[in-house]
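Shown below: protein_10.txt, with compact mmCIF, C-alpha atoms (C1' of nucleotides).
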# COMPACT_ATOMS: atom_id res chain seq x y z
CA MET A 144 -13.87 7.80 16.34
CA ILE A 145 -13.64 8.87 12.75
CA PHE A 146 -12.08 12.29 13.05
CA THR A 147 -9.73 13.88 15.51
CA THR A 148 -9.90 17.36 16.92
CA LYS A 149 -7.70 18.52 14.08
CA ALA A 150 -10.71 18.20 11.80
CA GLU A 151 -13.05 19.67 14.36
CA TYR A 152 -10.93 22.70 15.11
CA GLY A 153 -9.90 23.18 11.53
CA VAL A 154 -13.45 23.25 10.27
CA ARG A 155 -14.55 25.59 13.03
CA LEU A 156 -11.68 27.84 12.14
CA LEU A 157 -12.75 27.92 8.53
CA VAL A 158 -16.34 28.58 9.50
CA GLU A 159 -15.25 31.48 11.65
CA LEU A 160 -13.27 32.81 8.72
CA GLY A 161 -16.30 32.41 6.49
CA ARG A 162 -18.63 34.14 8.92
CA HIS A 163 -16.49 37.22 9.21
CA GLY A 164 -15.44 37.14 5.61
CA ALA A 165 -19.01 37.67 4.48
CA GLU A 166 -19.28 40.91 6.42
CA GLN A 167 -16.70 42.59 4.28
CA GLY A 168 -17.90 41.73 0.82
CA GLU A 169 -14.44 42.11 -0.56
CA ALA A 170 -13.08 40.80 -3.81
CA ALA A 171 -13.43 37.14 -4.78
CA GLY A 172 -15.14 36.14 -1.60
CA ALA A 173 -11.93 36.22 0.32
CA GLY A 174 -13.06 38.34 3.23
CA ALA A 175 -11.30 40.13 6.02
CA VAL A 176 -8.23 38.94 7.83
CA LEU A 177 -8.79 37.44 11.26
CA SER A 178 -6.02 36.83 13.72
CA LEU A 179 -5.73 33.38 15.21
CA LYS A 180 -5.96 34.94 18.61
CA ALA A 181 -9.41 36.28 17.83
CA ILE A 182 -10.57 32.94 16.47
CA ALA A 183 -9.17 31.05 19.41
CA ALA A 184 -10.95 33.39 21.77
CA ALA A 185 -14.22 33.22 19.87
CA GLU A 186 -14.25 29.44 19.69
CA GLY A 187 -12.54 28.73 22.98
CA LEU A 188 -9.70 26.80 21.42
CA PRO A 189 -6.02 26.62 22.38
CA LEU A 190 -4.12 29.16 20.33
CA ALA A 191 -0.85 27.28 20.06
CA TYR A 192 -2.63 24.21 18.80
CA LEU A 193 -4.60 26.22 16.27
CA GLU A 194 -1.38 27.53 14.83
CA ARG A 195 -0.35 24.05 13.83
CA ILE A 196 -3.76 23.31 12.40
CA VAL A 197 -4.01 26.43 10.30
CA ALA A 198 -0.60 25.59 8.90
CA LEU A 199 -2.16 22.50 7.32
CA LEU A 200 -4.92 24.57 5.79
CA LYS A 201 -2.41 26.99 4.42
CA LYS A 202 -0.33 24.23 2.90
CA ALA A 203 -3.49 23.02 1.18
CA ASP A 204 -4.08 26.48 -0.25
CA LEU A 205 -7.40 26.88 1.49
CA VAL A 206 -6.26 29.86 3.48
CA GLU A 207 -3.76 32.62 3.07
CA SER A 208 -1.91 34.59 5.70
CA THR A 209 -0.70 38.10 6.34
CA ARG A 210 2.23 38.39 8.67
CA GLY A 211 3.15 41.07 11.09
CA ALA A 212 0.99 43.34 13.20
CA HIS A 213 -2.69 43.37 12.24
CA GLY A 214 -2.00 40.24 10.24
CA GLY A 215 -4.05 37.09 10.24
CA TYR A 216 -5.78 34.63 7.97
CA ARG A 217 -8.47 34.76 5.34
CA LEU A 218 -10.09 32.28 3.02
CA LYS A 219 -8.40 31.97 -0.32
CA ARG A 220 -11.54 30.93 -2.16
CA ASP A 221 -15.25 31.48 -1.95
CA PRO A 222 -16.80 29.35 0.81
CA ALA A 223 -19.28 27.91 -1.66
CA THR A 224 -16.44 26.39 -3.66
CA ILE A 225 -14.72 24.78 -0.69
CA SER A 226 -15.93 21.25 -0.16
CA MET A 227 -15.26 19.37 3.01
CA ASP A 228 -13.41 16.50 1.42
CA GLU A 229 -10.60 18.86 0.53
CA VAL A 230 -10.64 20.25 4.03
CA ILE A 231 -10.63 16.91 5.80
CA VAL A 232 -7.91 15.51 3.61
CA ALA A 233 -5.82 18.58 4.32
CA LEU A 234 -6.36 18.23 8.04
CA GLU A 235 -6.40 14.50 8.65
CA GLY A 236 -4.58 13.14 5.67
CA ALA A 237 -6.60 10.60 3.74
CA VAL A 238 -9.69 9.16 5.33
CA ALA A 239 -9.06 5.45 5.52
CA PRO A 240 -11.40 3.08 7.28
CA MET A 241 -8.64 0.71 8.25
CA THR A 242 -4.89 0.72 8.73
CA CYS A 243 -4.34 -1.65 5.82
CA PHE A 244 -5.95 0.86 3.49
CA VAL A 245 -3.74 3.11 1.48
CA ASP A 246 -5.66 5.01 -1.10
CA ASP A 247 -3.44 6.47 -3.75
CA THR A 248 -5.29 9.50 -4.95
CA ASP A 249 -3.69 9.23 -8.36
CA SER A 250 -4.58 5.68 -9.16
CA PRO A 251 -7.74 4.30 -7.66
CA ARG A 252 -5.88 1.45 -6.07
CA VAL A 253 -6.64 0.08 -2.70
CA LEU A 254 -3.95 -1.87 -1.02
CA CYS A 255 -4.59 -4.38 1.68
CA SER A 256 -1.73 -5.93 3.52
CA HIS A 257 -3.65 -9.12 4.15
CA GLU A 258 -4.21 -9.56 0.45
CA SER A 259 -2.19 -12.70 -0.12
CA ASP A 260 -2.41 -14.08 3.35
CA SER A 261 -4.42 -17.17 2.87
CA GLY A 262 -5.56 -17.65 -0.68
CA HIS A 263 -8.62 -15.45 -0.45
CA GLY A 264 -8.42 -11.71 -0.09
CA CYS A 265 -9.77 -9.68 2.77
CA ALA A 266 -13.46 -10.30 3.06
CA THR A 267 -13.64 -6.95 4.76
CA LYS A 268 -12.36 -5.03 1.79
CA LEU A 269 -15.78 -4.72 0.24
CA LEU A 270 -17.19 -3.36 3.45
CA TRP A 271 -14.44 -0.83 4.03
CA MET A 272 -14.68 0.37 0.47
CA ARG A 273 -18.35 1.06 0.82
CA VAL A 274 -17.93 2.85 4.09
CA GLN A 275 -15.15 5.00 2.78
CA GLY A 276 -17.26 5.77 -0.25
CA GLY A 277 -20.11 6.84 1.97
CA VAL A 278 -17.91 9.14 3.97
CA MET A 279 -16.25 10.75 1.01
CA GLU A 280 -19.59 11.24 -0.66
CA LYS A 281 -21.00 13.13 2.29
CA LEU A 282 -17.84 15.15 2.66
CA SER A 283 -17.72 16.23 -0.95
CA GLN A 284 -21.39 17.13 -0.90
CA THR A 285 -20.94 19.55 1.96
CA THR A 286 -19.49 22.98 1.35
CA LEU A 287 -18.06 25.46 3.76
CA ALA A 288 -20.77 27.90 2.79
CA GLU A 289 -23.39 25.51 4.10
CA LEU A 290 -21.69 25.19 7.43
CA VAL A 291 -21.32 28.93 7.67
CA ALA A 292 -25.00 29.37 6.98
CA PHE A 293 -25.83 26.71 9.53
CA ALA A 294 -23.69 28.31 12.20
CA THR A 295 -24.91 31.81 11.48
CA ARG A 296 -28.52 30.74 11.57
CA GLU A 297 -28.03 29.37 15.04
CA THR A 298 -26.48 32.52 16.33
CA ALA A 299 -28.84 34.94 14.70
CA PRO A 300 -32.08 33.44 13.32
CA VAL A 301 -32.98 36.84 12.01
CA ARG A 302 -30.25 38.86 10.50
CA GLY A 303 -28.81 41.40 12.87
CA ALA A 304 -30.55 40.09 15.96
CA ALA A 305 -28.04 38.94 18.50
CA HIS A 306 -29.50 35.85 20.10
CA THR A 307 -28.44 33.45 22.80
CA GLY A 308 -28.66 29.69 22.69
CA ALA A 309 -30.91 28.67 19.85
CA PRO A 310 -32.75 25.34 19.76
CA LEU A 311 -30.67 23.01 17.68
CA THR A 312 -32.61 20.76 15.41
CA ILE A 313 -30.47 18.64 13.18
CA ALA A 314 -32.19 17.26 10.13
CA ALA A 315 -32.09 13.77 11.55
CA GLY A 316 -35.03 12.54 13.39
CA MET B 770 -8.77 5.58 10.91
CA ILE B 771 -12.40 4.77 11.29
CA PHE B 772 -12.27 1.26 12.60
CA THR B 773 -9.83 -0.66 14.72
CA THR B 774 -8.67 -4.20 14.25
CA LYS B 775 -11.50 -5.33 16.48
CA ALA B 776 -13.88 -4.65 13.62
CA GLU B 777 -11.53 -6.11 11.05
CA TYR B 778 -10.89 -9.34 12.92
CA GLY B 779 -14.47 -9.64 14.07
CA VAL B 780 -15.87 -9.36 10.58
CA ARG B 781 -13.33 -11.79 9.20
CA LEU B 782 -14.27 -14.19 11.95
CA LEU B 783 -17.92 -13.93 11.04
CA VAL B 784 -17.15 -14.40 7.38
CA GLU B 785 -15.18 -17.51 8.16
CA LEU B 786 -18.11 -18.79 10.17
CA GLY B 787 -20.41 -18.01 7.29
CA ARG B 788 -18.22 -19.72 4.74
CA HIS B 789 -18.04 -22.96 6.63
CA GLY B 790 -21.58 -22.75 7.84
CA ALA B 791 -22.84 -22.91 4.28
CA GLU B 792 -21.06 -26.19 3.66
CA GLN B 793 -23.20 -28.00 6.16
CA GLY B 794 -26.60 -26.85 5.10
CA GLU B 795 -27.92 -27.39 8.59
CA ALA B 796 -31.03 -25.96 10.15
CA ALA B 797 -31.83 -22.28 10.10
CA GLY B 798 -28.61 -21.25 8.43
CA ALA B 799 -26.66 -21.75 11.60
CA GLY B 800 -23.94 -23.95 10.21
CA ALA B 801 -21.22 -26.04 11.74
CA VAL B 802 -19.22 -25.20 14.81
CA LEU B 803 -15.75 -23.88 14.19
CA SER B 804 -13.11 -23.62 16.87
CA LEU B 805 -11.37 -20.32 17.33
CA LYS B 806 -8.10 -22.10 16.85
CA ALA B 807 -9.13 -23.13 13.36
CA ILE B 808 -10.28 -19.63 12.51
CA ALA B 809 -7.16 -18.06 13.90
CA ALA B 810 -5.04 -20.41 11.85
CA ALA B 811 -7.06 -19.87 8.68
CA GLU B 812 -6.96 -16.09 8.93
CA GLY B 813 -3.58 -15.74 10.55
CA LEU B 814 -4.87 -13.92 13.58
CA PRO B 815 -3.75 -14.09 17.22
CA LEU B 816 -5.92 -16.60 19.03
CA ALA B 817 -5.93 -14.97 22.45
CA TYR B 818 -7.03 -11.69 20.95
CA LEU B 819 -9.75 -13.37 18.93
CA GLU B 820 -11.16 -14.80 22.14
CA ARG B 821 -11.87 -11.34 23.43
CA ILE B 822 -13.36 -10.26 20.15
CA VAL B 823 -15.69 -13.20 19.79
CA ALA B 824 -16.89 -12.52 23.31
CA LEU B 825 -18.31 -9.23 22.04
CA LEU B 826 -20.10 -10.99 19.21
CA LYS B 827 -21.53 -13.49 21.61
CA LYS B 828 -22.75 -10.78 23.94
CA ALA B 829 -24.52 -9.24 20.97
CA ASP B 830 -26.21 -12.55 20.19
CA LEU B 831 -24.64 -12.81 16.78
CA VAL B 832 -22.81 -16.00 17.62
CA GLU B 833 -23.33 -18.90 19.94
CA SER B 834 -20.76 -21.17 21.52
CA THR B 835 -20.35 -24.79 22.47
CA ARG B 836 -17.95 -25.44 25.28
CA GLY B 837 -15.74 -28.39 25.95
CA ALA B 838 -13.83 -30.57 23.54
CA HIS B 839 -14.90 -30.26 19.92
CA GLY B 840 -16.67 -27.08 20.86
CA GLY B 841 -16.54 -23.84 18.99
CA TYR B 842 -18.68 -21.09 17.54
CA ARG B 843 -21.42 -20.84 14.98
CA LEU B 844 -23.62 -18.08 13.64
CA LYS B 845 -26.84 -17.70 15.50
CA ARG B 846 -28.75 -16.30 12.52
CA ASP B 847 -28.72 -16.59 8.79
CA PRO B 848 -25.88 -14.54 7.26
CA ALA B 849 -28.34 -12.76 5.01
CA THR B 850 -30.11 -11.31 8.03
CA ILE B 851 -26.96 -10.04 9.72
CA SER B 852 -26.24 -6.48 8.72
CA MET B 853 -22.91 -4.87 9.37
CA ASP B 854 -24.22 -2.05 11.49
CA GLU B 855 -25.14 -4.53 14.19
CA VAL B 856 -21.77 -6.15 13.89
CA ILE B 857 -19.77 -2.97 14.03
CA VAL B 858 -21.74 -1.60 16.93
CA ALA B 859 -21.16 -4.85 18.78
CA LEU B 860 -17.45 -4.72 18.11
CA GLU B 861 -16.60 -1.06 18.29
CA GLY B 862 -19.39 0.39 20.31
CA ALA B 863 -21.23 3.18 18.56
CA VAL B 864 -19.69 4.72 15.49
CA ALA B 865 -19.23 8.35 16.32
CA PRO B 866 -17.45 10.77 14.04
CA MET B 867 -16.20 12.85 16.93
CA THR B 868 -15.54 12.51 20.62
CA CYS B 869 -18.23 15.02 21.51
CA PHE B 870 -20.83 12.84 19.80
CA VAL B 871 -22.92 10.54 21.91
CA ASP B 872 -25.71 9.06 19.93
CA ASP B 873 -28.40 7.54 22.13
CA THR B 874 -29.90 4.84 19.97
CA ASP B 875 -33.23 5.20 21.75
CA SER B 876 -33.75 8.87 21.34
CA PRO B 877 -32.27 10.49 18.29
CA ARG B 878 -30.38 12.96 20.33
CA VAL B 879 -26.97 14.13 19.55
CA LEU B 880 -25.00 15.73 22.26
CA CYS B 881 -22.16 18.05 21.70
CA SER B 882 -20.03 19.20 24.53
CA HIS B 883 -19.25 22.49 22.85
CA GLU B 884 -22.91 23.27 22.58
CA SER B 885 -23.08 26.26 24.84
CA ASP B 886 -19.52 27.36 24.51
CA SER B 887 -19.86 30.64 22.81
CA GLY B 888 -23.41 31.47 21.92
CA HIS B 889 -23.54 29.55 18.66
CA GLY B 890 -23.44 25.77 18.55
CA CYS B 891 -20.85 23.64 16.83
CA ALA B 892 -20.76 24.53 13.20
CA THR B 893 -19.30 21.13 12.63
CA LYS B 894 -22.30 19.27 13.94
CA LEU B 895 -24.06 19.34 10.61
CA LEU B 896 -21.04 17.86 8.92
CA TRP B 897 -20.52 15.10 11.46
CA MET B 898 -24.16 14.17 11.32
CA ARG B 899 -24.02 13.74 7.60
CA VAL B 900 -20.87 11.69 7.71
CA GLN B 901 -22.20 9.44 10.41
CA GLY B 902 -25.37 9.01 8.43
CA GLY B 903 -23.35 7.99 5.40
CA VAL B 904 -21.39 5.45 7.36
CA MET B 905 -24.40 3.91 9.05
CA GLU B 906 -26.22 3.75 5.77
CA LYS B 907 -23.46 1.79 4.12
CA LEU B 908 -23.09 -0.48 7.11
CA SER B 909 -26.76 -1.32 7.34
CA GLN B 910 -26.92 -1.95 3.61
CA THR B 911 -24.22 -4.58 3.75
CA THR B 912 -25.01 -8.05 5.00
CA LEU B 913 -22.71 -10.79 6.14
CA ALA B 914 -23.96 -12.96 3.30
CA GLU B 915 -22.62 -10.46 0.81
CA LEU B 916 -19.20 -10.50 2.37
CA VAL B 917 -19.18 -14.26 2.47
CA ALA B 918 -20.06 -14.36 -1.21
CA PHE B 919 -17.39 -11.80 -1.95
CA ALA B 920 -14.74 -13.73 -0.07
CA THR B 921 -15.70 -17.06 -1.54
CA ARG B 922 -15.70 -15.70 -5.03
CA GLU B 923 -12.13 -14.55 -4.70
CA THR B 924 -10.96 -17.94 -3.56
CA ALA B 925 -12.85 -19.91 -6.17
CA PRO B 926 -13.65 -17.55 -9.06
CA VAL B 927 -17.06 -18.86 -10.02
CA ARG B 928 -17.64 -18.32 -13.70
CA GLY B 929 -20.16 -15.78 -14.83
CA ALA B 930 -19.44 -12.22 -15.75
CA ALA B 931 -22.76 -11.22 -14.23
CA HIS B 932 -22.30 -12.23 -10.65
CA THR B 933 -25.80 -12.10 -9.35
CA GLY B 934 -26.08 -9.84 -6.41
CA ALA B 935 -24.66 -6.58 -5.30
CA PRO B 936 -22.61 -4.06 -7.19
CA LEU B 937 -19.19 -5.38 -6.37
CA THR B 938 -17.41 -2.61 -8.14
CA ILE B 939 -14.19 -2.56 -6.27
CA ALA B 940 -11.74 -0.49 -8.16
CA ALA B 941 -8.68 -2.50 -7.34
CA GLY B 942 -5.50 -2.76 -9.35
C1' DC C 1019 11.82 50.37 18.39
C1' DC C 1020 8.06 47.90 19.90
C1' DA C 1021 3.85 45.53 20.08
C1' DT C 1022 1.68 42.18 17.47
C1' DC C 1023 1.21 38.59 14.66
C1' DT C 1024 2.70 34.47 11.82
C1' DC C 1025 5.86 30.67 11.70
C1' DC C 1026 8.48 26.59 13.33
C1' DG C 1027 10.25 22.73 15.85
C1' DA C 1028 11.03 20.38 20.09
C1' DC C 1029 8.87 18.52 23.96
C1' DC C 1030 5.48 16.26 27.05
C1' DT C 1031 1.50 13.56 28.93
C1' DC C 1032 -2.13 10.38 28.71
C1' DG C 1033 -5.38 6.97 27.11
C1' DC C 1034 -6.28 3.50 23.99
C1' DT C 1035 -5.07 -0.10 20.86
C1' DG C 1036 -3.25 -4.45 20.21
C1' DG C 1037 -1.58 -8.21 22.28
C1' DT C 1038 0.11 -11.61 25.99
C1' DA C 1039 -0.10 -14.62 30.29
C1' DG C 1040 -2.17 -17.58 33.11
C1' DG C 1041 -5.54 -19.81 34.70
C1' DA C 1042 -10.52 -21.66 35.69
C1' DT C 1043 -14.43 -24.21 33.73
C1' DT C 1044 -16.75 -27.27 30.68
C1' DG C 1045 -17.51 -31.46 28.20
C1' DA C 1046 -16.59 -35.30 24.91
C1' DA C 1047 -13.54 -39.24 24.16
C1' DG C 1048 -10.63 -42.95 25.64
C1' DC D 1029 -12.56 -41.15 35.56
C1' DT D 1030 -8.92 -39.21 33.65
C1' DT D 1031 -7.44 -36.41 29.95
C1' DC D 1032 -7.37 -33.27 26.56
C1' DA D 1033 -9.39 -29.69 23.91
C1' DA D 1034 -12.03 -26.14 23.86
C1' DT D 1035 -14.43 -21.81 25.88
C1' DC D 1036 -14.16 -18.29 29.32
C1' DC D 1037 -12.18 -14.60 32.28
C1' DT D 1038 -9.11 -11.23 34.38
C1' DA D 1039 -5.02 -8.92 34.74
C1' DC D 1040 -1.07 -7.05 32.71
C1' DC D 1041 1.94 -4.60 29.41
C1' DA D 1042 4.34 -1.97 25.46
C1' DG D 1043 3.90 1.29 21.84
C1' DC D 1044 1.98 5.00 19.73
C1' DG D 1045 -0.59 8.75 18.32
C1' DA D 1046 -3.65 12.39 19.95
C1' DG D 1047 -3.77 16.68 22.04
C1' DG D 1048 -1.49 20.26 23.80
C1' DT D 1049 2.56 23.33 25.55
C1' DC D 1050 6.78 26.16 25.24
C1' DG D 1051 10.10 29.11 23.52
C1' DG D 1052 11.80 31.48 20.14
C1' DA D 1053 12.62 33.47 15.39
C1' DG D 1054 11.04 36.22 11.56
C1' DA D 1055 7.69 39.84 9.50
C1' DT D 1056 5.23 44.35 9.80
C1' DG D 1057 2.42 48.32 10.97
C1' DG D 1058 2.47 52.42 14.15
As structure tokens - that is how I would like this structure written.
Amino acid sequence: MIFTTKAEYGVRLLVELGRHGAEQGEAAGAGAVLSLKAIAAAEGLPLAYLERIVALLKKADLVESTRGAHGGYRLKRDPATISMDEVIVALEGAVAPMTCFVDDTDSPRVLCSHESDSGHGCATKLLWMRVQGGVMEKLSQTTLAELVAFATRETAPVRGAAHTGAPLTIAAG
Amino acid sequence: MIFTTKAEYGVRLLVELGRHGAEQGEAAGAGAVLSLKAIAAAEGLPLAYLERIVALLKKADLVESTRGAHGGYRLKRDPATISMDEVIVALEGAVAPMTCFVDDTDSPRVLCSHESDSGHGCATKLLWMRVQGGVMEKLSQTTLAELVAFATRETAPVRGAAHTGAPLTIAAG
DNA sequence: CCATCTCCGACCTCGCTGGTAGGATTGAAG
DNA sequence: CTTCAATCCTACCAGCGAGGTCGGAGATGG
């Protein structure tokens, strides 16, 4: 499995924020505040667990919070400017294909513990690099706005029409 | 982490088989038989664990075995015709980005357990599909022969700035 | 003051990864 | 025909991280 539920829940949380943020049309695409309780209820996710997840998003400056009664969370930037690589890194840490991979974001170095094992380096390094590249590419190409649009389309194919259970056709096959 | 050590060790095993298979120049690119003991020693991997891993490769018809004294393993096909997606699937099972993803290789269906949770489907599905696509793409584009060449080149740096073949642009060190 | 919400850290359970142990079976060499 | 080296097979185990819970402390509007 590539991602854990941290990524899953975190992204769904952001999408929920994006969906309800659009309704307001406030300044800088930030949107309305949503309480975690509301999100947890809407998505059917454990509240206590979500708290820990949203903390990661806040630390990454993707989300900002308002404390106290009627508080909650809102996106800090416009959904169209939030790419998933940021999000996933915030939630999961770096995406490494293998335990021996430590990708320093500063320098493009890739460390492999087996490096000097037996004369020749890891044969697998080339493969893991490509895979990681493929993942990061897809992540950075996908924005939160896209996911919001995708989710909203499924709920309400036509704007304003509440709809149940739409046919889900992914653009793959 | 995307892959476990099963993939790592399995690929290294295949590469080792490919490296020594080329020396022989036997029929149909099969190569010589190598004992697991030799491979384990060469790569510094636990023998007993390798046994279980190579069993997966054998079940997937990527490798064939000779029992008894002086027995061992050899590639069943030419390294150039073995793509990594086969290998990884054999070793890790299917590569799914998320637990709720079950990709039936026959029908291009993608199941998501959260499908009917709350009216709208997983917003994350689009993202996971893309990521999985990226991974599978990279895997299927990489052949065992490439990895063998990559590994061999590191051991014995063959002269020639223009190494014929794939873009081996590893940004290391 | 009180309900509501964010914030924070400790705690727990469970399944899987990574690895070991011990043996049975096969087959070539002496 | 014994012996040794190899594949094969099943069971077992320790550690760890994922996934989630609990309880409480600090803000804040009504």
Between chain C and chain B, at 12 Å or less, what are the per-residue closest atom pairs and their distances in Å? Count all atoms listed in the file, order by chain and rising residue number, and return it as a Markdown table.
| residue | atom | partner | partner_atom | distance |
| --- | --- | --- | --- | --- |
| C:DC1034 | C1' | B:Thr773 | CA | 10.8 |
| C:DT1035 | C1' | B:Thr773 | CA | 7.8 |
| C:DG1036 | C1' | B:Thr774 | CA | 8.1 |
| C:DG1037 | C1' | B:Tyr818 | CA | 6.6 |
| C:DT1038 | C1' | B:Ala817 | CA | 7.8 |
| C:DA1039 | C1' | B:Ala817 | CA | 9.8 |
| C:DG1040 | C1' | B:Ala817 | CA | 11.6 |
| C:DT1043 | C1' | B:Gly837 | CA | 8.9 |
| C:DT1044 | C1' | B:Gly837 | CA | 5.0 |
| C:DG1045 | C1' | B:Gly837 | CA | 4.2 |
| C:DA1046 | C1' | B:Ala838 | CA | 5.6 |
| C:DA1047 | C1' | B:Ala838 | CA | 8.7 |
Which residue, B:Ala859, B:Ile851, B:Ile808, B:Leu895, has the smallest gap to B:Ala824 when you use all atoms listed in the file?
-> B:Ala859
Just give me the gap between atom CA of B:Asp830 and atom CA of B:Arg843 in Å, one decimal is fine.
-> 10.9 Å
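With all atoms listed in the file taken into account, the protein and nucleic acid residues at most 12 Å from C:DC1032 (excluding it and anything under 4 positions from it in its own chain) are DC1044, DG1045, DA1046, DG1047 and DG1048 of chain D.
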Would you put the residues from that selection into a file with C-alpha atoms (C1' of nucleotides), as a short mmCIF file (atom, residue, chain, number, x, y, z; two decimals), in the frame of the given file?
data_model
loop_
_atom_site.label_atom_id
_atom_site.label_comp_id
_atom_site.auth_asym_id
_atom_site.auth_seq_id
_atom_site.Cartn_x
_atom_site.Cartn_y
_atom_site.Cartn_z
"C1'" DC D 1044 1.98 5.00 19.73
"C1'" DG D 1045 -0.59 8.75 18.32
"C1'" DA D 1046 -3.65 12.39 19.95
"C1'" DG D 1047 -3.77 16.68 22.04
"C1'" DG D 1048 -1.49 20.26 23.80
#
Shortest contact to A:Arg155, candidates A:Val278, A:Cys265, A:Val291, A:Leu177, atoms counted all atoms listed in the file, goes to A:Val291
